[in-house]
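Novice: Sharing structure_12.pdb, PDB, C-alpha atoms and all ligand atoms:
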MODEL        1
ATOM      1  CA  MET A 601      85.421 161.808 -71.971  1.00  0.00           C
ATOM      2  CA  SER A 602      88.437 161.261 -69.852  1.00  0.00           C
ATOM      3  CA  SER A 603      86.475 159.444 -67.117  1.00  0.00           C
ATOM      4  CA  SER A 604      84.689 157.222 -69.630  1.00  0.00           C
ATOM      5  CA  SER A 605      87.984 156.420 -71.312  1.00  0.00           C
ATOM      6  CA  LYS A 606      89.311 155.319 -67.915  1.00  0.00           C
ATOM      7  CA  GLN A 607      86.334 153.109 -67.122  1.00  0.00           C
ATOM      8  CA  PRO A 608      87.174 150.159 -69.321  1.00  0.00           C
ATOM      9  CA  SER A 609      90.602 149.732 -67.797  1.00  0.00           C
ATOM     10  CA  ILE A 610      89.198 149.925 -64.227  1.00  0.00           C
ATOM     11  CA  PHE A 611      86.502 147.386 -65.073  1.00  0.00           C
ATOM     12  CA  ALA A 612      88.988 145.189 -66.835  1.00  0.00           C
ATOM     13  CA  GLY A 613      91.207 145.275 -63.754  1.00  0.00           C
ATOM     14  CA  GLU A 614      88.310 144.482 -61.434  1.00  0.00           C
ATOM     15  CA  GLN A 615      87.164 141.668 -63.678  1.00  0.00           C
ATOM     16  CA  LYS A 616      90.611 140.187 -63.771  1.00  0.00           C
ATOM     17  CA  LYS A 617      90.907 140.343 -59.976  1.00  0.00           C
ATOM     18  CA  GLU A 618      87.391 139.328 -58.858  1.00  0.00           C
ATOM     19  CA  SER A 619      85.586 137.330 -61.546  1.00  0.00           C
ATOM     20  CA  PRO A 620      87.547 134.080 -61.379  1.00  0.00           C
ATOM     21  CA  PRO A 621      87.031 133.559 -57.607  1.00  0.00           C
ATOM     22  CA  GLN A 622      83.297 134.369 -57.864  1.00  0.00           C
ATOM     23  CA  LEU A 623      82.923 132.062 -60.839  1.00  0.00           C
ATOM     24  CA  SER A 624      84.810 129.381 -58.932  1.00  0.00           C
ATOM     25  CA  VAL A 625      82.338 129.731 -56.042  1.00  0.00           C
ATOM     26  CA  ASP A 626      79.397 129.655 -58.469  1.00  0.00           C
ATOM     27  CA  LEU A 627      80.793 126.604 -60.236  1.00  0.00           C
ATOM     28  CA  ARG A 628      81.258 124.796 -56.937  1.00  0.00           C
ATOM     29  CA  ASN A 629      77.689 125.711 -55.940  1.00  0.00           C
ATOM     30  CA  VAL A 630      76.106 124.500 -59.146  1.00  0.00           C
ATOM     31  CA  MET A 631      78.140 121.285 -59.053  1.00  0.00           C
ATOM     32  CA  ARG A 632      76.637 120.556 -55.612  1.00  0.00           C
ATOM     33  CA  TYR A 633      73.357 119.789 -57.363  1.00  0.00           C
ATOM     34  CA  PHE A 634      74.916 117.589 -60.033  1.00  0.00           C
ATOM     35  CA  ALA A 635      74.176 114.075 -58.798  1.00  0.00           C
ATOM     36  CA  SER A 636      77.050 111.692 -59.311  1.00  0.00           C
ATOM     37  CA  ALA A 637      77.968 108.112 -58.693  1.00  0.00           C
ATOM     38  CA  VAL A 638      80.718 107.505 -56.144  1.00  0.00           C
ATOM     39  CA  THR A 639      83.953 105.643 -56.779  1.00  0.00           C
ATOM     40  CA  VAL A 640      87.039 104.851 -54.771  1.00  0.00           C
ATOM     41  CA  VAL A 641      90.198 105.041 -56.837  1.00  0.00           C
ATOM     42  CA  THR A 642      92.878 102.702 -55.527  1.00  0.00           C
ATOM     43  CA  SER A 643      96.479 102.202 -56.542  1.00  0.00           C
ATOM     44  CA  ALA A 644      99.778 100.719 -55.415  1.00  0.00           C
ATOM     45  CA  LEU A 645     103.407 101.725 -55.693  1.00  0.00           C
ATOM     46  CA  ASP A 646     105.958  99.099 -56.715  1.00  0.00           C
ATOM     47  CA  SER A 647     107.142  99.208 -53.075  1.00  0.00           C
ATOM     48  CA  GLY A 648     103.755  97.749 -52.080  1.00  0.00           C
ATOM     49  CA  GLU A 649     102.429 100.970 -50.533  1.00  0.00           C
ATOM     50  CA  LEU A 650      98.696 101.248 -51.157  1.00  0.00           C
ATOM     51  CA  PHE A 651      96.798 104.480 -51.529  1.00  0.00           C
ATOM     52  CA  GLY A 652      93.367 105.609 -52.640  1.00  0.00           C
ATOM     53  CA  LEU A 653      90.688 108.255 -52.383  1.00  0.00           C
ATOM     54  CA  THR A 654      86.994 108.835 -52.977  1.00  0.00           C
ATOM     55  CA  VAL A 655      86.360 110.229 -56.457  1.00  0.00           C
ATOM     56  CA  SER A 656      83.213 111.364 -58.236  1.00  0.00           C
ATOM     57  CA  ALA A 657      84.994 113.031 -61.171  1.00  0.00           C
ATOM     58  CA  PHE A 658      85.160 109.868 -63.237  1.00  0.00           C
ATOM     59  CA  ALA A 659      84.086 109.378 -66.856  1.00  0.00           C
ATOM     60  CA  SER A 660      84.306 106.936 -69.683  1.00  0.00           C
ATOM     61  CA  VAL A 661      86.349 108.412 -72.556  1.00  0.00           C
ATOM     62  CA  SER A 662      86.700 105.823 -75.330  1.00  0.00           C
ATOM     63  CA  LEU A 663      85.666 102.212 -75.954  1.00  0.00           C
ATOM     64  CA  ASN A 664      88.338 101.392 -78.528  1.00  0.00           C
ATOM     65  CA  PRO A 665      90.896 101.774 -77.073  1.00  0.00           C
ATOM     66  CA  PRO A 666      89.157 101.392 -73.667  1.00  0.00           C
ATOM     67  CA  LEU A 667      89.917 104.683 -71.904  1.00  0.00           C
ATOM     68  CA  VAL A 668      88.515 106.316 -68.764  1.00  0.00           C
ATOM     69  CA  LEU A 669      89.488 109.419 -66.852  1.00  0.00           C
ATOM     70  CA  ILE A 670      89.609 110.643 -63.288  1.00  0.00           C
ATOM     71  CA  CYS A 671      90.127 114.228 -62.214  1.00  0.00           C
ATOM     72  CA  ILE A 672      92.227 114.692 -59.074  1.00  0.00           C
ATOM     73  CA  ARG A 673      92.981 117.831 -57.088  1.00  0.00           C
ATOM     74  CA  ASN A 674      96.645 118.796 -57.368  1.00  0.00           C
ATOM     75  CA  GLU A 675      96.848 119.244 -53.579  1.00  0.00           C
ATOM     76  CA  SER A 676      95.668 115.688 -52.964  1.00  0.00           C
ATOM     77  CA  ASN A 677      98.244 113.256 -51.564  1.00  0.00           C
ATOM     78  CA  ALA A 678      97.232 110.900 -54.358  1.00  0.00           C
ATOM     79  CA  THR A 679      98.418 113.175 -57.192  1.00  0.00           C
ATOM     80  CA  PRO A 680     102.205 112.641 -56.908  1.00  0.00           C
ATOM     81  CA  LEU A 681     101.584 108.986 -56.017  1.00  0.00           C
ATOM     82  CA  LEU A 682      99.524 108.428 -59.183  1.00  0.00           C
ATOM     83  CA  PHE A 683     102.338 109.910 -61.277  1.00  0.00           C
ATOM     84  CA  LYS A 684     104.693 107.458 -59.569  1.00  0.00           C
ATOM     85  CA  ALA A 685     102.471 104.360 -59.660  1.00  0.00           C
ATOM     86  CA  ARG A 686     101.224 104.949 -63.235  1.00  0.00           C
ATOM     87  CA  ARG A 687      98.198 102.730 -62.598  1.00  0.00           C
ATOM     88  CA  TYR A 688      94.857 102.889 -60.809  1.00  0.00           C
ATOM     89  CA  CYS A 689      91.605 101.044 -60.341  1.00  0.00           C
ATOM     90  CA  VAL A 690      88.199 102.754 -60.313  1.00  0.00           C
ATOM     91  CA  ASN A 691      85.942 100.879 -57.881  1.00  0.00           C
ATOM     92  CA  ILE A 692      82.279 101.857 -58.405  1.00  0.00           C
ATOM     93  CA  LEU A 693      80.574 101.805 -55.013  1.00  0.00           C
ATOM     94  CA  ALA A 694      77.260 100.126 -54.204  1.00  0.00           C
ATOM     95  CA  THR A 695      74.646 101.661 -51.879  1.00  0.00           C
ATOM     96  CA  ASP A 696      75.858  99.720 -48.837  1.00  0.00           C
ATOM     97  CA  GLN A 697      79.450 100.950 -49.253  1.00  0.00           C
ATOM     98  CA  GLN A 698      78.976 104.498 -47.916  1.00  0.00           C
ATOM     99  CA  PRO A 699      81.371 103.854 -44.973  1.00  0.00           C
ATOM    100  CA  ILE A 700      84.131 103.075 -47.511  1.00  0.00           C
ATOM    101  CA  ALA A 701      83.466 106.353 -49.357  1.00  0.00           C
ATOM    102  CA  GLU A 702      83.595 108.227 -46.055  1.00  0.00           C
ATOM    103  CA  LYS A 703      86.837 106.593 -44.986  1.00  0.00           C
ATOM    104  CA  PHE A 704      88.567 107.249 -48.309  1.00  0.00           C
ATOM    105  CA  SER A 705      87.600 110.920 -48.269  1.00  0.00           C
ATOM    106  CA  LEU A 706      88.762 111.720 -44.724  1.00  0.00           C
ATOM    107  CA  GLN A 707      91.803 114.003 -44.860  1.00  0.00           C
ATOM    108  CA  GLY A 708      94.854 112.484 -43.215  1.00  0.00           C
ATOM    109  CA  GLU A 709      93.199 109.089 -42.768  1.00  0.00           C
ATOM    110  CA  GLY A 710      96.131 106.669 -42.844  1.00  0.00           C
ATOM    111  CA  GLY A 711      94.246 103.429 -42.296  1.00  0.00           C
ATOM    112  CA  ARG A 712      92.055 103.480 -45.374  1.00  0.00           C
ATOM    113  CA  PHE A 713      92.859  99.858 -46.265  1.00  0.00           C
ATOM    114  CA  GLN A 714      92.538  98.554 -42.691  1.00  0.00           C
ATOM    115  CA  ASN A 715      89.565  96.192 -42.316  1.00  0.00           C
ATOM    116  CA  LEU A 716      88.818  96.627 -46.016  1.00  0.00           C
ATOM    117  CA  ASP A 717      87.900  93.554 -48.034  1.00  0.00           C
ATOM    118  CA  TYR A 718      90.140  93.776 -51.140  1.00  0.00           C
ATOM    119  CA  TYR A 719      92.569  91.825 -53.266  1.00  0.00           C
ATOM    120  CA  ILE A 720      95.306  92.825 -55.731  1.00  0.00           C
ATOM    121  CA  GLY A 721      94.066  92.560 -59.320  1.00  0.00           C
ATOM    122  CA  LYS A 722      95.703  91.916 -62.672  1.00  0.00           C
ATOM    123  CA  GLY A 723      96.825  95.526 -63.023  1.00  0.00           C
ATOM    124  CA  GLY A 724      98.528  95.491 -59.612  1.00  0.00           C
ATOM    125  CA  ASN A 725      95.888  97.702 -57.987  1.00  0.00           C
ATOM    126  CA  PRO A 726      93.726  96.922 -54.941  1.00  0.00           C
ATOM    127  CA  ILE A 727      90.222  95.859 -55.979  1.00  0.00           C
ATOM    128  CA  ILE A 728      87.489  96.400 -53.396  1.00  0.00           C
ATOM    129  CA  GLN A 729      85.117  93.470 -52.904  1.00  0.00           C
ATOM    130  CA  GLY A 730      81.367  94.042 -53.096  1.00  0.00           C
ATOM    131  CA  CYS A 731      81.454  96.922 -55.576  1.00  0.00           C
ATOM    132  CA  ILE A 732      79.178  97.339 -58.590  1.00  0.00           C
ATOM    133  CA  GLY A 733      82.265  96.862 -60.685  1.00  0.00           C
ATOM    134  CA  TYR A 734      85.760  98.046 -61.348  1.00  0.00           C
ATOM    135  CA  ILE A 735      87.949  99.366 -64.152  1.00  0.00           C
ATOM    136  CA  ASP A 736      91.549  98.345 -63.538  1.00  0.00           C
ATOM    137  CA  CYS A 737      93.852 100.637 -65.530  1.00  0.00           C
ATOM    138  CA  LYS A 738      97.375 101.485 -66.495  1.00  0.00           C
ATOM    139  CA  LEU A 739      98.063 105.202 -66.807  1.00  0.00           C
ATOM    140  CA  SER A 740      97.859 106.285 -70.435  1.00  0.00           C
ATOM    141  CA  GLN A 741      98.143 110.055 -70.167  1.00  0.00           C
ATOM    142  CA  SER A 742      97.977 112.861 -67.652  1.00  0.00           C
ATOM    143  CA  ILE A 743      96.780 116.380 -68.393  1.00  0.00           C
ATOM    144  CA  ASP A 744      97.475 119.262 -66.028  1.00  0.00           C
ATOM    145  CA  LEU A 745      94.364 121.471 -66.020  1.00  0.00           C
ATOM    146  CA  GLY A 746      94.053 124.344 -63.553  1.00  0.00           C
ATOM    147  CA  ASP A 747      94.081 123.102 -59.968  1.00  0.00           C
ATOM    148  CA  HIS A 748      93.326 119.491 -61.014  1.00  0.00           C
ATOM    149  CA  THR A 749      95.034 116.814 -63.100  1.00  0.00           C
ATOM    150  CA  LEU A 750      93.208 114.497 -65.481  1.00  0.00           C
ATOM    151  CA  PHE A 751      94.576 110.970 -65.318  1.00  0.00           C
ATOM    152  CA  VAL A 752      93.521 109.009 -68.380  1.00  0.00           C
ATOM    153  CA  GLY A 753      93.680 105.274 -67.810  1.00  0.00           C
ATOM    154  CA  GLU A 754      93.625 102.395 -70.291  1.00  0.00           C
ATOM    155  CA  ALA A 755      91.599  99.478 -68.942  1.00  0.00           C
ATOM    156  CA  VAL A 756      93.461  96.200 -68.466  1.00  0.00           C
ATOM    157  CA  ASP A 757      90.634  94.406 -66.642  1.00  0.00           C
ATOM    158  CA  VAL A 758      86.963  95.231 -66.076  1.00  0.00           C
ATOM    159  CA  LYS A 759      84.142  93.632 -64.108  1.00  0.00           C
ATOM    160  CA  ALA A 760      80.495  94.558 -63.523  1.00  0.00           C
ATOM    161  CA  GLU A 761      77.658  93.287 -61.357  1.00  0.00           C
ATOM    162  CA  LYS A 762      74.203  94.911 -61.318  1.00  0.00           C
ATOM    163  CA  LYS A 763      73.631  96.424 -57.872  1.00  0.00           C
ATOM    164  CA  PRO A 764      72.053  99.611 -56.488  1.00  0.00           C
ATOM    165  CA  PRO A 765      74.590 102.462 -56.732  1.00  0.00           C
ATOM    166  CA  LEU A 766      75.799 104.891 -54.073  1.00  0.00           C
ATOM    167  CA  LEU A 767      75.066 108.457 -55.188  1.00  0.00           C
ATOM    168  CA  TYR A 768      76.199 111.873 -53.948  1.00  0.00           C
ATOM    169  CA  ILE A 769      74.331 115.175 -54.208  1.00  0.00           C
ATOM    170  CA  ASP A 770      74.366 118.429 -52.222  1.00  0.00           C
ATOM    171  CA  ARG A 771      77.118 117.036 -49.940  1.00  0.00           C
ATOM    172  CA  HIS A 772      75.011 114.019 -48.980  1.00  0.00           C
ATOM    173  CA  TYR A 773      75.127 110.364 -49.895  1.00  0.00           C
ATOM    174  CA  VAL A 774      71.793 109.159 -51.266  1.00  0.00           C
ATOM    175  CA  ARG A 775      70.350 106.003 -52.721  1.00  0.00           C
ATOM    176  CA  LEU A 776      68.080 105.499 -55.706  1.00  0.00           C
ATOM    177  CA  ALA A 777      64.488 105.144 -54.468  1.00  0.00           C
ATOM    178  CA  GLU A 778      63.804 102.853 -57.423  1.00  0.00           C
ATOM    179  CA  ALA A 779      66.519 100.481 -56.284  1.00  0.00           C
ATOM    180  CA  ASP A 780      64.700  99.533 -53.048  1.00  0.00           C
TER     181      ASP A 780
HETATM  182  C1  LIG A 801      81.682 112.109 -52.726  1.00  0.00           C
HETATM  183  C2  LIG A 801      83.079 112.645 -52.868  1.00  0.00           C
HETATM  184  C3  LIG A 801      83.649 112.779 -54.136  1.00  0.00           C
HETATM  185  C4  LIG A 801      84.946 113.259 -54.283  1.00  0.00           C
HETATM  186  N1  LIG A 801      85.465 113.370 -55.537  1.00  0.00           N
HETATM  187  C5  LIG A 801      86.736 113.817 -55.710  1.00  0.00           C
HETATM  188  C6  LIG A 801      87.284 113.896 -57.014  1.00  0.00           C
HETATM  189  O1  LIG A 801      86.629 113.599 -58.010  1.00  0.00           O
HETATM  190  N2  LIG A 801      88.569 114.327 -57.132  1.00  0.00           N
HETATM  191  C7  LIG A 801      89.327 114.685 -56.037  1.00  0.00           C
HETATM  192  O2  LIG A 801      90.491 115.064 -56.208  1.00  0.00           O
HETATM  193  N3  LIG A 801      88.811 114.613 -54.774  1.00  0.00           N
HETATM  194  C8  LIG A 801      87.546 114.185 -54.604  1.00  0.00           C
HETATM  195  N4  LIG A 801      87.014 114.083 -53.337  1.00  0.00           N
HETATM  196  C9  LIG A 801      87.838 114.504 -52.194  1.00  0.00           C
HETATM  197  C10 LIG A 801      88.847 113.440 -51.768  1.00  0.00           C
HETATM  198  O3  LIG A 801      88.242 112.178 -51.600  1.00  0.00           O
HETATM  199  C11 LIG A 801      89.478 113.861 -50.436  1.00  0.00           C
HETATM  200  O4  LIG A 801      90.036 115.159 -50.581  1.00  0.00           O
HETATM  201  C12 LIG A 801      90.527 112.902 -49.927  1.00  0.00           C
HETATM  202  O5  LIG A 801      90.796 113.194 -48.553  1.00  0.00           O
HETATM  203  C13 LIG A 801      91.827 112.991 -50.711  1.00  0.00           C
HETATM  204  O6  LIG A 801      92.758 112.114 -50.111  1.00  0.00           O
HETATM  205  P1  LIG A 801      94.343 112.268 -50.281  1.00  0.00           P
HETATM  206  O7  LIG A 801      94.686 113.740 -50.093  1.00  0.00           O
HETATM  207  O8  LIG A 801      94.915 111.393 -49.232  1.00  0.00           O
HETATM  208  O9  LIG A 801      94.683 111.809 -51.662  1.00  0.00           O
HETATM  209  C14 LIG A 801      85.707 113.623 -53.150  1.00  0.00           C
HETATM  210  C15 LIG A 801      85.142 113.494 -51.866  1.00  0.00           C
HETATM  211  C16 LIG A 801      83.846 113.015 -51.731  1.00  0.00           C
HETATM  212  C17 LIG A 801      83.249 112.879 -50.354  1.00  0.00           C
ENDMDL
END
As structure tokens, what does this structure read like?
Specialist:
Amino acid sequence: MSSSSKQPSIFAGEQKKESPPQLSVDLRNVMRYFASAVTVVTSALDSGELFGLTVSAFASVSLNPPLVLICIRNESNATPLLFKARRYCVNILATDQQPIAEKFSLQGEGGRFQNLDYYIGKGGNPIIQGCIGYIDCKLSQSIDLGDHTLFVGEAVDVKAEKKPPLLYIDRHYVRLAEAD
């Protein structure tokens, strides 16, 4: 009796210590096979400093008001900058823009905007030329969730052009076969 009465507390302790990391690994593994479109989120501080990063955790939230969200790792350089800038633009990449996605996801890459074809849009954010489209936003709300922050943006300007998308699955960039 005494050993069985001890079991639950041992299991509970083990669960508390080990389950979250294993589930985190499992979640990461399953998400590898979730195909996603690829965006580059760009922004600018009032000082004129530009920053941006490759983001697949992007979703439409509401049409009226027009809200979208991005989910950014708290350790990313972009996180404190987004809080400061309070604006961002989601640039949806086309198939031929893989080099841009690669550049904007390289850790410590300082020259992300060098040789990039962009202009500053209505919302004050860099807009990358040649994309499928963009959603230029002002920051509406931020939600701190675990090791990421959700940045909800309200669209101030939007543009779309039908083009084949750049996709990402199992750590590889792919293109839609249908689009060829
Ligand atoms: C295809 C792809 C999608 C990514 N999606 C996200 C994302 O949704 N959120 C995020 O925080 N990082 C994402 N990353 C990682 C960042 O792009 C990467 O960590 C980048 O170096 C961050 O730059 P920073 O630390 O200068 O802000 C993604 C990377 C790739 C290659």
Novice: Would you compute the distance between atom C12 of ligand LIG 801 (chain A) and CA of Val752 in chain A? Give it in Å to one decimal.
Specialist: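 About the pair atom C12 of ligand LIG 801 (chain A) and CA of Val752 in chain A: they are 19.1 Å apart.
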Novice: Restrict the calculation to all atoms listed in the file, then for each residue of chain A with any atom at most 7 Å from an atom of ligand LIG 801 (chain A) give the closest atom pair and their distance in Å to one decimal, rows by chain and rising residue number, as CSV.
Specialist:
residue,atom,partner,partner_atom,distance
A:Val638,CA,A:LIG801,C1,5.8
A:Gly652,CA,A:LIG801,O9,6.4
A:Leu653,CA,A:LIG801,O3,4.7
A:Thr654,CA,A:LIG801,O3,3.8
A:Val655,CA,A:LIG801,N1,3.4
A:Ser656,CA,A:LIG801,N1,4.0
A:Ala657,CA,A:LIG801,O1,3.6
A:Phe658,CA,A:LIG801,O1,6.6
A:Ile670,CA,A:LIG801,O1,6.7
A:Cys671,CA,A:LIG801,N2,5.3
A:Ile672,CA,A:LIG801,O2,3.4
A:Arg673,CA,A:LIG801,O2,3.8
A:Glu675,CA,A:LIG801,O7,6.9
A:Ser676,CA,A:LIG801,O7,3.6
A:Asn677,CA,A:LIG801,O9,3.8
A:Ala678,CA,A:LIG801,O9,3.8
A:Thr679,CA,A:LIG801,O9,6.8
A:Ala701,CA,A:LIG801,C17,6.6
A:Glu702,CA,A:LIG801,C17,6.3
A:Phe704,CA,A:LIG801,O3,5.9
A:Ser705,CA,A:LIG801,O3,3.6
A:Leu706,CA,A:LIG801,O5,4.6
A:Gln707,CA,A:LIG801,O5,3.9
A:Gly708,CA,A:LIG801,O8,6.1
A:Tyr768,CA,A:LIG801,C1,5.6
Novice: Between A:Pro666, A:Pro680, A:Gly753, A:Pro621, which is the closest to Gly723 in chain A once you count all atoms listed in the file?
Specialist: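 Under the stated criterion, the closest residue is A:Gly753.
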Novice: Give the answer as one residue: which of A:Ser660, A:Asn725, A:Gln697, A:Asn629 has the shortest atom-to-atom distance to Leu767 in chain A, using only C-alpha atoms?
Specialist: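 Selected residue with least distance to Leu767 in chain A: A:Gln697.
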Novice: What does the PyMOL selection byres (((chain A and resi 692) around 6) and not hetatm) select in this file, as a PyMOL selection string?
Specialist: chain A and resi 639+691+693+731-734
Novice: Could you please take those selected residues and save C-alpha atoms as a PDB file, keeping the file's coordinate frame?
Specialist:
ATOM      1  CA  THR A 639      83.953 105.643 -56.779  1.00  0.00           C
ATOM      2  CA  ASN A 691      85.942 100.879 -57.881  1.00  0.00           C
ATOM      3  CA  LEU A 693      80.574 101.805 -55.013  1.00  0.00           C
ATOM      4  CA  CYS A 731      81.454  96.922 -55.576  1.00  0.00           C
ATOM      5  CA  ILE A 732      79.178  97.339 -58.590  1.00  0.00           C
ATOM      6  CA  GLY A 733      82.265  96.862 -60.685  1.00  0.00           C
ATOM      7  CA  TYR A 734      85.760  98.046 -61.348  1.00  0.00           C
TER       8      TYR A 734
END
Novice: Identify all residues satisfying the PyMOL selection byres (((chain A and resi 635) around 8) and not hetatm) in the given file; provide them as a short mmCIF file (atom, residue, chain, number, x, y, z; two decimals) with C-alpha atoms, in the coordinates of the input.
Specialist:
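Full text of out-v5.cif as output:
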data_model
loop_
_atom_site.label_atom_id
_atom_site.label_comp_id
_atom_site.auth_asym_id
_atom_site.auth_seq_id
_atom_site.Cartn_x
_atom_site.Cartn_y
_atom_site.Cartn_z
CA ARG A 632 76.64 120.56 -55.61
CA TYR A 633 73.36 119.79 -57.36
CA PHE A 634 74.92 117.59 -60.03
CA SER A 636 77.05 111.69 -59.31
CA ALA A 637 77.97 108.11 -58.69
CA LEU A 767 75.07 108.46 -55.19
CA TYR A 768 76.20 111.87 -53.95
CA ILE A 769 74.33 115.18 -54.21
CA ASP A 770 74.37 118.43 -52.22
#
Novice: Quote the spacing between CA of Lys684 in chain A and CA of Leu667 in chain A in Å to one decimal place.
Specialist: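 CA of Leu667 in chain A lies at a distance of 19.4 Å from CA of Lys684 in chain A.
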Novice: Report, in Å to a single decimal, how far apart CA of Ala755 in chain A and CA of Tyr773 in chain A are.
Specialist: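 Interatomic distance, CA of Tyr773 in chain A to CA of Ala755 in chain A: 27.4 Å.
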Novice: I need the output of the PyMOL selection byres (((chain A and resi 719) around 12) and not hetatm) for this file as a PyMOL selection string; which residues are they?
Specialist: chain A and resi 642-644+650+689+713+716-718+720-730
Novice: Between A:Val668, A:Asp747, A:Arg686, A:Val640, which has the minimum distance to Ser624 in chain A (counting only C-alpha atoms)?
Specialist: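 Distance minimum relative to Ser624 in chain A lands on A:Asp747.
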Novice: So, counting all atoms listed in the file, which residue among A:Met631, A:Ala777, A:Val756, A:Val625 is closest to Ile735 in chain A?
Specialist: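 Counting all atoms listed in the file, the residue closest to Ile735 in chain A is A:Val756.
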Novice: Excluding Leu682 in chain A and residues on its chain fewer than 5 positions from it, collect all residues at most 9 Å away from it, counting only C-alpha atoms, and give them as a PyMOL selection string.
Specialist: chain A and resi 643-645+687-688+739+751
Novice: For range 653-662 of chain A, what centre and edge lengths in Å (one decimal) does the axis-aligned box get once 6 Å is added on each side of all its listed atoms, as lines of an AutoDock Vina configuration file?
Specialist:
center_x = 87.0
center_y = 109.4
center_z = -63.9
size_x = 19.5
size_y = 19.2
size_z = 34.9
